[in-house]
Every structure is written in structure tokens, then in C-alpha cells.
file model_14.cif (mmCIF, N, CA, C and O atoms)
data_upload
loop_
_atom_site.label_atom_id
_atom_site.label_comp_id
_atom_site.auth_asym_id
_atom_site.auth_seq_id
_atom_site.Cartn_x
_atom_site.Cartn_y
_atom_site.Cartn_z
N MET A 1 118.09 -36.21 5.64
CA MET A 1 118.31 -37.11 6.76
C MET A 1 118.91 -38.42 6.24
O MET A 1 118.48 -38.95 5.23
N ALA A 2 119.90 -38.93 6.96
CA ALA A 2 120.57 -40.15 6.55
C ALA A 2 119.65 -41.34 6.75
O ALA A 2 118.86 -41.41 7.70
N GLU A 3 119.76 -42.29 5.82
CA GLU A 3 118.94 -43.50 5.91
C GLU A 3 119.55 -44.46 6.92
O GLU A 3 120.77 -44.60 7.00
N ILE A 4 118.71 -45.09 7.70
CA ILE A 4 119.15 -46.03 8.72
C ILE A 4 119.49 -47.37 8.06
O ILE A 4 118.79 -47.81 7.16
N SER A 5 120.59 -47.99 8.50
CA SER A 5 120.99 -49.27 7.92
C SER A 5 120.02 -50.36 8.34
O SER A 5 119.40 -50.29 9.41
N PRO A 6 119.89 -51.41 7.52
CA PRO A 6 119.01 -52.52 7.89
C PRO A 6 119.40 -53.18 9.21
O PRO A 6 118.53 -53.58 9.99
N LEU A 7 120.70 -53.26 9.49
CA LEU A 7 121.16 -53.88 10.73
C LEU A 7 120.79 -53.03 11.94
O LEU A 7 120.33 -53.54 12.95
N ARG A 8 120.95 -51.73 11.81
CA ARG A 8 120.56 -50.83 12.90
C ARG A 8 119.05 -50.88 13.12
O ARG A 8 118.58 -50.93 14.25
N ARG A 9 118.30 -50.88 12.04
CA ARG A 9 116.84 -50.96 12.13
C ARG A 9 116.43 -52.25 12.83
O ARG A 9 115.57 -52.25 13.70
N ARG A 10 117.08 -53.35 12.50
CA ARG A 10 116.77 -54.63 13.13
C ARG A 10 117.07 -54.58 14.63
O ARG A 10 116.29 -55.07 15.45
N MET A 11 118.20 -53.98 15.00
CA MET A 11 118.55 -53.89 16.42
C MET A 11 117.51 -53.04 17.16
O MET A 11 117.09 -53.40 18.26
N VAL A 12 117.09 -51.93 16.57
CA VAL A 12 116.06 -51.09 17.18
C VAL A 12 114.77 -51.88 17.35
O VAL A 12 114.14 -51.83 18.42
N GLU A 13 114.38 -52.62 16.33
CA GLU A 13 113.17 -53.44 16.43
C GLU A 13 113.31 -54.49 17.53
O GLU A 13 112.37 -54.70 18.32
N ASP A 14 114.47 -55.15 17.61
CA ASP A 14 114.71 -56.16 18.64
C ASP A 14 114.61 -55.54 20.04
O ASP A 14 114.03 -56.14 20.95
N MET A 15 115.18 -54.36 20.21
CA MET A 15 115.12 -53.70 21.51
C MET A 15 113.71 -53.26 21.85
O MET A 15 113.28 -53.35 23.01
N THR A 16 112.96 -52.80 20.85
CA THR A 16 111.58 -52.37 21.06
C THR A 16 110.70 -53.55 21.45
O THR A 16 109.90 -53.45 22.39
N VAL A 17 110.86 -54.67 20.77
CA VAL A 17 110.09 -55.88 21.09
C VAL A 17 110.36 -56.33 22.52
O VAL A 17 109.46 -56.79 23.22
N ARG A 18 111.59 -56.14 22.98
CA ARG A 18 111.96 -56.55 24.34
C ARG A 18 111.70 -55.46 25.37
O ARG A 18 112.08 -55.57 26.52
N ASN A 19 111.07 -54.37 24.92
CA ASN A 19 110.64 -53.29 25.80
C ASN A 19 111.79 -52.60 26.53
O ASN A 19 111.65 -52.19 27.68
N LEU A 20 112.93 -52.47 25.87
CA LEU A 20 114.04 -51.71 26.46
C LEU A 20 113.67 -50.23 26.43
O LEU A 20 113.05 -49.76 25.46
N SER A 21 114.05 -49.52 27.46
CA SER A 21 113.71 -48.09 27.55
C SER A 21 114.40 -47.32 26.43
O SER A 21 115.45 -47.74 25.92
N PRO A 22 113.85 -46.17 26.06
CA PRO A 22 114.49 -45.34 25.03
C PRO A 22 115.94 -44.97 25.38
O PRO A 22 116.80 -44.95 24.51
N SER A 23 116.21 -44.70 26.66
CA SER A 23 117.59 -44.34 27.03
C SER A 23 118.52 -45.54 26.89
O SER A 23 119.67 -45.38 26.47
N THR A 24 118.04 -46.72 27.23
CA THR A 24 118.86 -47.93 27.05
C THR A 24 119.10 -48.17 25.56
O THR A 24 120.21 -48.50 25.15
N GLN A 25 118.08 -47.97 24.76
CA GLN A 25 118.24 -48.14 23.32
C GLN A 25 119.29 -47.19 22.76
O GLN A 25 120.17 -47.59 21.98
N ARG A 26 119.23 -45.94 23.18
CA ARG A 26 120.22 -44.96 22.71
C ARG A 26 121.63 -45.37 23.15
O ARG A 26 122.58 -45.30 22.37
N SER A 27 121.77 -45.81 24.40
CA SER A 27 123.07 -46.22 24.92
C SER A 27 123.62 -47.42 24.17
O SER A 27 124.80 -47.47 23.83
N TYR A 28 122.76 -48.41 23.92
CA TYR A 28 123.19 -49.61 23.20
C TYR A 28 123.60 -49.27 21.76
O TYR A 28 124.63 -49.74 21.28
N LEU A 29 122.81 -48.44 21.10
CA LEU A 29 123.15 -48.05 19.73
C LEU A 29 124.47 -47.29 19.69
O LEU A 29 125.30 -47.51 18.80
N HIS A 30 124.67 -46.42 20.66
CA HIS A 30 125.92 -45.66 20.74
C HIS A 30 127.11 -46.61 20.95
O HIS A 30 128.14 -46.47 20.30
N ALA A 31 126.95 -47.57 21.85
CA ALA A 31 128.04 -48.51 22.14
C ALA A 31 128.40 -49.36 20.93
O ALA A 31 129.58 -49.56 20.62
N VAL A 32 127.39 -49.86 20.23
CA VAL A 32 127.65 -50.69 19.05
C VAL A 32 128.25 -49.85 17.92
O VAL A 32 129.16 -50.30 17.23
N ALA A 33 127.80 -48.61 17.77
CA ALA A 33 128.38 -47.73 16.75
C ALA A 33 129.85 -47.43 17.08
O ALA A 33 130.71 -47.43 16.18
N LYS A 34 130.14 -47.19 18.34
CA LYS A 34 131.52 -46.93 18.76
C LYS A 34 132.41 -48.15 18.49
O LYS A 34 133.53 -48.02 18.02
N PHE A 35 131.88 -49.33 18.78
CA PHE A 35 132.59 -50.59 18.52
C PHE A 35 132.87 -50.74 17.03
O PHE A 35 133.99 -51.05 16.62
N SER A 36 131.87 -50.51 16.20
CA SER A 36 132.05 -50.69 14.76
C SER A 36 133.02 -49.65 14.18
O SER A 36 133.80 -49.96 13.28
N ARG A 37 132.97 -48.42 14.71
CA ARG A 37 133.93 -47.40 14.25
C ARG A 37 135.36 -47.76 14.64
O ARG A 37 136.29 -47.48 13.90
N PHE A 38 135.52 -48.38 15.81
CA PHE A 38 136.84 -48.76 16.28
C PHE A 38 137.51 -49.73 15.29
O PHE A 38 138.69 -49.62 15.00
N PHE A 39 136.73 -50.67 14.76
CA PHE A 39 137.26 -51.65 13.82
C PHE A 39 136.94 -51.32 12.37
O PHE A 39 137.51 -51.90 11.46
N GLY A 40 136.00 -50.44 12.14
CA GLY A 40 135.62 -50.08 10.78
C GLY A 40 134.62 -51.01 10.14
O GLY A 40 134.37 -50.94 8.94
N ARG A 41 134.03 -51.93 10.93
CA ARG A 41 133.04 -52.86 10.39
C ARG A 41 132.32 -53.58 11.53
O ARG A 41 132.75 -53.52 12.68
N TYR A 42 131.23 -54.28 11.18
CA TYR A 42 130.46 -55.09 12.13
C TYR A 42 130.87 -56.55 11.98
O TYR A 42 131.63 -56.91 11.10
N GLY A 43 130.29 -57.41 12.81
CA GLY A 43 130.42 -58.85 12.64
C GLY A 43 131.78 -59.40 13.03
O GLY A 43 132.27 -60.33 12.40
N LEU A 44 132.39 -58.88 14.04
CA LEU A 44 133.70 -59.30 14.48
C LEU A 44 133.58 -60.42 15.50
O LEU A 44 132.54 -60.64 16.08
N GLY A 45 134.69 -61.12 15.74
CA GLY A 45 134.69 -62.25 16.66
C GLY A 45 134.93 -61.87 18.11
O GLY A 45 135.10 -60.70 18.46
N LEU A 46 134.95 -62.90 18.95
CA LEU A 46 135.13 -62.69 20.38
C LEU A 46 136.45 -62.01 20.73
O LEU A 46 136.50 -61.19 21.64
N GLU A 47 137.50 -62.35 20.04
CA GLU A 47 138.80 -61.70 20.32
C GLU A 47 138.75 -60.22 20.01
O GLU A 47 139.40 -59.42 20.67
N ASP A 48 137.98 -59.84 19.00
CA ASP A 48 137.83 -58.43 18.67
C ASP A 48 137.05 -57.70 19.77
O ASP A 48 137.38 -56.57 20.13
N VAL A 49 136.02 -58.36 20.30
CA VAL A 49 135.26 -57.77 21.41
C VAL A 49 136.18 -57.58 22.61
O VAL A 49 136.19 -56.52 23.25
N ARG A 50 136.99 -58.59 22.88
CA ARG A 50 137.94 -58.50 24.00
C ARG A 50 138.94 -57.37 23.77
O ARG A 50 139.24 -56.60 24.69
N ALA A 51 139.47 -57.26 22.57
CA ALA A 51 140.42 -56.19 22.26
C ALA A 51 139.78 -54.82 22.45
O ALA A 51 140.43 -53.88 22.94
N PHE A 52 138.52 -54.69 22.09
CA PHE A 52 137.81 -53.43 22.28
C PHE A 52 137.66 -53.12 23.76
O PHE A 52 137.86 -51.98 24.19
N GLN A 53 137.34 -54.13 24.56
CA GLN A 53 137.22 -53.94 26.00
C GLN A 53 138.56 -53.50 26.60
O GLN A 53 138.60 -52.59 27.43
N VAL A 54 139.64 -54.14 26.19
CA VAL A 54 140.97 -53.76 26.68
C VAL A 54 141.27 -52.31 26.30
O VAL A 54 141.78 -51.54 27.11
N HIS A 55 140.93 -51.94 25.08
CA HIS A 55 141.12 -50.56 24.62
C HIS A 55 140.35 -49.58 25.50
O HIS A 55 140.89 -48.54 25.91
N LEU A 56 139.09 -49.89 25.79
CA LEU A 56 138.28 -49.00 26.62
C LEU A 56 138.86 -48.85 28.03
O LEU A 56 138.94 -47.74 28.55
N VAL A 57 139.27 -49.96 28.62
CA VAL A 57 139.85 -49.93 29.97
C VAL A 57 141.15 -49.13 29.96
O VAL A 57 141.40 -48.32 30.86
N ALA A 58 141.97 -49.34 28.95
CA ALA A 58 143.24 -48.62 28.85
C ALA A 58 143.03 -47.11 28.72
O ALA A 58 143.89 -46.32 29.10
N ASN A 59 141.86 -46.72 28.18
CA ASN A 59 141.56 -45.31 28.02
C ASN A 59 140.71 -44.75 29.16
O ASN A 59 140.15 -43.66 29.06
N GLY A 60 140.59 -45.52 30.26
CA GLY A 60 139.99 -45.01 31.48
C GLY A 60 138.47 -45.04 31.55
O GLY A 60 137.88 -44.26 32.29
N ILE A 61 137.83 -45.94 30.83
CA ILE A 61 136.37 -46.02 30.90
C ILE A 61 135.94 -46.42 32.32
O ILE A 61 136.64 -47.19 32.99
N SER A 62 134.84 -45.89 32.78
CA SER A 62 134.33 -46.26 34.11
C SER A 62 133.72 -47.65 34.06
O SER A 62 133.32 -48.14 33.00
N TRP A 63 133.63 -48.29 35.25
CA TRP A 63 133.04 -49.62 35.31
C TRP A 63 131.59 -49.63 34.80
O TRP A 63 131.23 -50.50 33.99
N PRO A 64 130.72 -48.69 35.21
CA PRO A 64 129.35 -48.71 34.69
C PRO A 64 129.29 -48.56 33.17
O PRO A 64 128.49 -49.24 32.51
N ALA A 65 130.12 -47.71 32.61
CA ALA A 65 130.13 -47.53 31.16
C ALA A 65 130.64 -48.79 30.45
O ALA A 65 130.12 -49.19 29.40
N LEU A 66 131.66 -49.44 31.02
CA LEU A 66 132.17 -50.68 30.43
C LEU A 66 131.10 -51.76 30.51
O LEU A 66 130.87 -52.49 29.53
N ASN A 67 130.42 -51.86 31.64
CA ASN A 67 129.37 -52.85 31.80
C ASN A 67 128.25 -52.64 30.79
O ASN A 67 127.76 -53.60 30.18
N GLN A 68 127.85 -51.40 30.58
CA GLN A 68 126.79 -51.12 29.61
C GLN A 68 127.24 -51.45 28.19
O GLN A 68 126.46 -51.97 27.40
N THR A 69 128.50 -51.19 27.88
CA THR A 69 129.03 -51.53 26.57
C THR A 69 129.01 -53.04 26.36
O THR A 69 128.61 -53.52 25.30
N VAL A 70 129.42 -53.78 27.37
CA VAL A 70 129.41 -55.25 27.28
C VAL A 70 127.98 -55.75 27.09
O VAL A 70 127.72 -56.63 26.25
N CYS A 71 127.03 -55.20 27.83
CA CYS A 71 125.63 -55.60 27.68
C CYS A 71 125.11 -55.28 26.27
O CYS A 71 124.38 -56.07 25.67
N ALA A 72 125.49 -54.12 25.74
CA ALA A 72 125.07 -53.73 24.39
C ALA A 72 125.62 -54.69 23.35
O ALA A 72 124.90 -55.13 22.44
N LEU A 73 126.90 -55.03 23.48
CA LEU A 73 127.50 -55.96 22.52
C LEU A 73 126.92 -57.36 22.66
O LEU A 73 126.70 -58.05 21.66
N ARG A 74 126.63 -57.77 23.89
CA ARG A 74 126.00 -59.07 24.11
C ARG A 74 124.62 -59.10 23.44
O ARG A 74 124.24 -60.07 22.79
N PHE A 75 123.86 -58.02 23.57
CA PHE A 75 122.55 -57.93 22.92
C PHE A 75 122.70 -57.96 21.41
O PHE A 75 122.00 -58.71 20.71
N PHE A 76 123.62 -57.16 20.89
CA PHE A 76 123.83 -57.07 19.45
C PHE A 76 124.20 -58.44 18.86
O PHE A 76 123.60 -58.89 17.89
N TYR A 77 125.18 -59.10 19.47
CA TYR A 77 125.61 -60.40 18.95
C TYR A 77 124.59 -61.49 19.22
O TYR A 77 124.29 -62.30 18.34
N GLY A 78 124.05 -61.53 20.43
CA GLY A 78 123.16 -62.63 20.81
C GLY A 78 121.77 -62.53 20.22
O GLY A 78 121.22 -63.53 19.75
N VAL A 79 121.20 -61.33 20.23
CA VAL A 79 119.81 -61.18 19.78
C VAL A 79 119.75 -60.75 18.31
O VAL A 79 119.14 -61.43 17.49
N THR A 80 120.40 -59.63 18.00
CA THR A 80 120.28 -59.09 16.65
C THR A 80 120.97 -59.97 15.61
O THR A 80 120.40 -60.24 14.55
N LEU A 81 122.17 -60.44 15.91
CA LEU A 81 122.88 -61.29 14.95
C LEU A 81 122.61 -62.78 15.17
O LEU A 81 122.91 -63.59 14.30
N GLY A 82 122.07 -63.13 16.34
CA GLY A 82 121.74 -64.52 16.61
C GLY A 82 122.93 -65.43 16.84
O GLY A 82 122.88 -66.63 16.59
N HIS A 83 124.04 -64.87 17.33
CA HIS A 83 125.25 -65.65 17.63
C HIS A 83 125.29 -66.04 19.10
O HIS A 83 124.68 -65.36 19.93
N ASP A 84 126.03 -67.07 19.41
CA ASP A 84 126.22 -67.46 20.81
C ASP A 84 127.13 -66.50 21.51
O ASP A 84 127.99 -65.91 20.97
#
call {"tool": "encode", "arguments": {"input": "model_14.cif", "output": "C-alpha cells"}}
result
Amino acid sequence: MAEISPLRRRMVEDMTVRNLSPSTQRSYLHAVAKFSRFFGRYGLGLEDVRAFQVHLVANGISWPALNQTVCALRFFYGVTLGHD
């Protein structure tokens, strides 16, 4: 079994402390993983988040899925990374 990264573990702990449901946790982890795979790394700036959103819209993402992705990235940056 693959070892979980410290950053992923921290995000899971942050979501657990805030009592997010298991399905929300899975969705948020999936969204952040998809974002990081798109750029090949974590810790990107606001313009990168915007570029990712434009990419998703251009590829036909639904509004609910886009909204959940935005919420996941907001959680990741705001809570897990502690950025504004």
C-alpha cells in the first residue's frame, strides 16, 4: 500500500476536525489531487487556480462539480496551507 503524503494526511486531519462527511472528504481529496496533477505540483498561486478553473469549464465541467472543486481548493489553501 502506498504511503500517504504528509500534506494529504494534514488535509484529512483538518477535514476530520471540522467534521466534514466522508463523501465530502473524498471529493475534496479528489479535486486537490486532480489540480496537482494538472500542474504537476502543489502550492500554486491564484492565477494557477484560475487557469485550472478555465480549463475545467472549457472541458465541460458541470456547475455543481466546478463549485465543489472551488470549495475544495479554498479549503486546501485556506485551512491546510493557511493562505489567504
call {"tool": "atom_distance", "arguments": {"input": "model_14.cif", "atom1": "atom CA of Asp14 of chain A", "atom2": "atom CA of Ser27 of chain A"}}
result
14.4 Å
call {"tool": "axis_aligned_box", "arguments": {"input": "model_14.cif", "around": "segment 71-74 of chain A", "padding_each_side": "3 Å", "output": "AutoDock Vina command-line options"}}
result
--center_x 125.9 --center_y -56.9 --center_z 24.7 --size_x 9.3 --size_y 12.3 --size_z 12.2
call {"tool": "residues_near_point", "arguments": {"input": "model_14.cif", "point": "(126.6, -52.4, 24.7)", "cutoff": "8 Å", "atoms": "only C-alpha atoms", "output": "list in words"}}
result
Ser27, Tyr28, Leu29, His30, Ala31, Val32, Asn67, Gln68, Thr69, Val70, Cys71, Ala72, Leu73, Arg74, Phe75 and Phe76 of chain A
call {"tool": "decode", "arguments": {"input": "model_14.cif", "residues": "segment 26-47 of chain A", "atoms": "N, CA, C and O atoms", "output": "PDB file, in the first residue's frame"}}
result
ATOM      1  N   ARG A  26     -13.677  12.693   0.493  1.00  0.00           N
ATOM      2  CA  ARG A  26     -13.227  12.018  -0.732  1.00  0.00           C
ATOM      3  C   ARG A  26     -13.267  12.975  -1.926  1.00  0.00           C
ATOM      4  O   ARG A  26     -12.339  13.016  -2.733  1.00  0.00           O
ATOM      5  N   SER A  27     -14.341  13.749  -2.034  1.00  0.00           N
ATOM      6  CA  SER A  27     -14.484  14.695  -3.143  1.00  0.00           C
ATOM      7  C   SER A  27     -13.403  15.761  -3.109  1.00  0.00           C
ATOM      8  O   SER A  27     -12.820  16.107  -4.135  1.00  0.00           O
ATOM      9  N   TYR A  28     -13.139  16.298  -1.919  1.00  0.00           N
ATOM     10  CA  TYR A  28     -12.115  17.343  -1.779  1.00  0.00           C
ATOM     11  C   TYR A  28     -10.727  16.781  -2.116  1.00  0.00           C
ATOM     12  O   TYR A  28      -9.948  17.419  -2.824  1.00  0.00           O
ATOM     13  N   LEU A  29     -10.425  15.590  -1.616  1.00  0.00           N
ATOM     14  CA  LEU A  29      -9.127  14.984  -1.912  1.00  0.00           C
ATOM     15  C   LEU A  29      -8.976  14.724  -3.405  1.00  0.00           C
ATOM     16  O   LEU A  29      -7.903  14.960  -3.981  1.00  0.00           O
ATOM     17  N   HIS A  30     -10.042  14.266  -4.029  1.00  0.00           N
ATOM     18  CA  HIS A  30     -10.012  14.018  -5.472  1.00  0.00           C
ATOM     19  C   HIS A  30      -9.773  15.329  -6.240  1.00  0.00           C
ATOM     20  O   HIS A  30      -8.960  15.369  -7.166  1.00  0.00           O
ATOM     21  N   ALA A  31     -10.467  16.387  -5.844  1.00  0.00           N
ATOM     22  CA  ALA A  31     -10.321  17.676  -6.533  1.00  0.00           C
ATOM     23  C   ALA A  31      -8.910  18.236  -6.395  1.00  0.00           C
ATOM     24  O   ALA A  31      -8.326  18.719  -7.370  1.00  0.00           O
ATOM     25  N   VAL A  32      -8.348  18.160  -5.200  1.00  0.00           N
ATOM     26  CA  VAL A  32      -6.992  18.682  -4.985  1.00  0.00           C
ATOM     27  C   VAL A  32      -5.966  17.822  -5.723  1.00  0.00           C
ATOM     28  O   VAL A  32      -5.020  18.344  -6.307  1.00  0.00           O
ATOM     29  N   ALA A  33      -6.170  16.512  -5.747  1.00  0.00           N
ATOM     30  CA  ALA A  33      -5.259  15.636  -6.495  1.00  0.00           C
ATOM     31  C   ALA A  33      -5.327  15.935  -7.991  1.00  0.00           C
ATOM     32  O   ALA A  33      -4.286  15.986  -8.671  1.00  0.00           O
ATOM     33  N   LYS A  34      -6.525  16.155  -8.498  1.00  0.00           N
ATOM     34  CA  LYS A  34      -6.695  16.491  -9.921  1.00  0.00           C
ATOM     35  C   LYS A  34      -5.999  17.818 -10.247  1.00  0.00           C
ATOM     36  O   LYS A  34      -5.340  17.951 -11.272  1.00  0.00           O
ATOM     37  N   PHE A  35      -6.142  18.787  -9.352  1.00  0.00           N
ATOM     38  CA  PHE A  35      -5.481  20.089  -9.506  1.00  0.00           C
ATOM     39  C   PHE A  35      -3.963  19.925  -9.526  1.00  0.00           C
ATOM     40  O   PHE A  35      -3.282  20.467 -10.398  1.00  0.00           O
ATOM     41  N   SER A  36      -3.432  19.159  -8.592  1.00  0.00           N
ATOM     42  CA  SER A  36      -1.975  18.996  -8.524  1.00  0.00           C
ATOM     43  C   SER A  36      -1.439  18.220  -9.732  1.00  0.00           C
ATOM     44  O   SER A  36      -0.352  18.516 -10.226  1.00  0.00           O
ATOM     45  N   ARG A  37      -2.208  17.240 -10.214  1.00  0.00           N
ATOM     46  CA  ARG A  37      -1.779  16.509 -11.416  1.00  0.00           C
ATOM     47  C   ARG A  37      -1.785  17.410 -12.645  1.00  0.00           C
ATOM     48  O   ARG A  37      -0.937  17.273 -13.524  1.00  0.00           O
ATOM     49  N   PHE A  38      -2.743  18.342 -12.705  1.00  0.00           N
ATOM     50  CA  PHE A  38      -2.833  19.257 -13.834  1.00  0.00           C
ATOM     51  C   PHE A  38      -1.551  20.082 -13.968  1.00  0.00           C
ATOM     52  O   PHE A  38      -1.051  20.304 -15.061  1.00  0.00           O
ATOM     53  N   PHE A  39      -1.013  20.532 -12.833  1.00  0.00           N
ATOM     54  CA  PHE A  39       0.201  21.341 -12.846  1.00  0.00           C
ATOM     55  C   PHE A  39       1.456  20.547 -12.500  1.00  0.00           C
ATOM     56  O   PHE A  39       2.565  21.018 -12.695  1.00  0.00           O
ATOM     57  N   GLY A  40       1.295  19.374 -11.935  1.00  0.00           N
ATOM     58  CA  GLY A  40       2.442  18.557 -11.558  1.00  0.00           C
ATOM     59  C   GLY A  40       3.040  18.903 -10.214  1.00  0.00           C
ATOM     60  O   GLY A  40       4.117  18.433  -9.875  1.00  0.00           O
ATOM     61  N   ARG A  41       2.348  19.751  -9.429  1.00  0.00           N
ATOM     62  CA  ARG A  41       2.854  20.114  -8.104  1.00  0.00           C
ATOM     63  C   ARG A  41       1.760  20.831  -7.313  1.00  0.00           C
ATOM     64  O   ARG A  41       0.746  21.231  -7.856  1.00  0.00           O
ATOM     65  N   TYR A  42       2.011  21.005  -6.002  1.00  0.00           N
ATOM     66  CA  TYR A  42       1.114  21.742  -5.109  1.00  0.00           C
ATOM     67  C   TYR A  42       1.648  23.156  -4.916  1.00  0.00           C
ATOM     68  O   TYR A  42       2.724  23.495  -5.374  1.00  0.00           O
ATOM     69  N   GLY A  43       0.913  23.965  -4.164  1.00  0.00           N
ATOM     70  CA  GLY A  43       1.398  25.262  -3.728  1.00  0.00           C
ATOM     71  C   GLY A  43       1.427  26.318  -4.811  1.00  0.00           C
ATOM     72  O   GLY A  43       2.323  27.155  -4.846  1.00  0.00           O
ATOM     73  N   LEU A  44       0.473  26.319  -5.691  1.00  0.00           N
ATOM     74  CA  LEU A  44       0.419  27.260  -6.794  1.00  0.00           C
ATOM     75  C   LEU A  44      -0.353  28.507  -6.386  1.00  0.00           C
ATOM     76  O   LEU A  44      -1.080  28.512  -5.413  1.00  0.00           O
ATOM     77  N   GLY A  45      -0.208  29.566  -7.174  1.00  0.00           N
ATOM     78  CA  GLY A  45      -0.848  30.835  -6.858  1.00  0.00           C
ATOM     79  C   GLY A  45      -2.263  30.959  -7.398  1.00  0.00           C
ATOM     80  O   GLY A  45      -2.804  30.055  -8.034  1.00  0.00           O
ATOM     81  N   LEU A  46      -2.851  32.121  -7.133  1.00  0.00           N
ATOM     82  CA  LEU A  46      -4.229  32.377  -7.546  1.00  0.00           C
ATOM     83  C   LEU A  46      -4.425  32.292  -9.053  1.00  0.00           C
ATOM     84  O   LEU A  46      -5.455  31.816  -9.517  1.00  0.00           O
ATOM     85  N   GLU A  47      -3.473  32.766  -9.816  1.00  0.00           N
ATOM     86  CA  GLU A  47      -3.606  32.687 -11.277  1.00  0.00           C
ATOM     87  C   GLU A  47      -3.625  31.247 -11.755  1.00  0.00           C
ATOM     88  O   GLU A  47      -4.292  30.917 -12.735  1.00  0.00           O
TER      89      GLU A  47
END
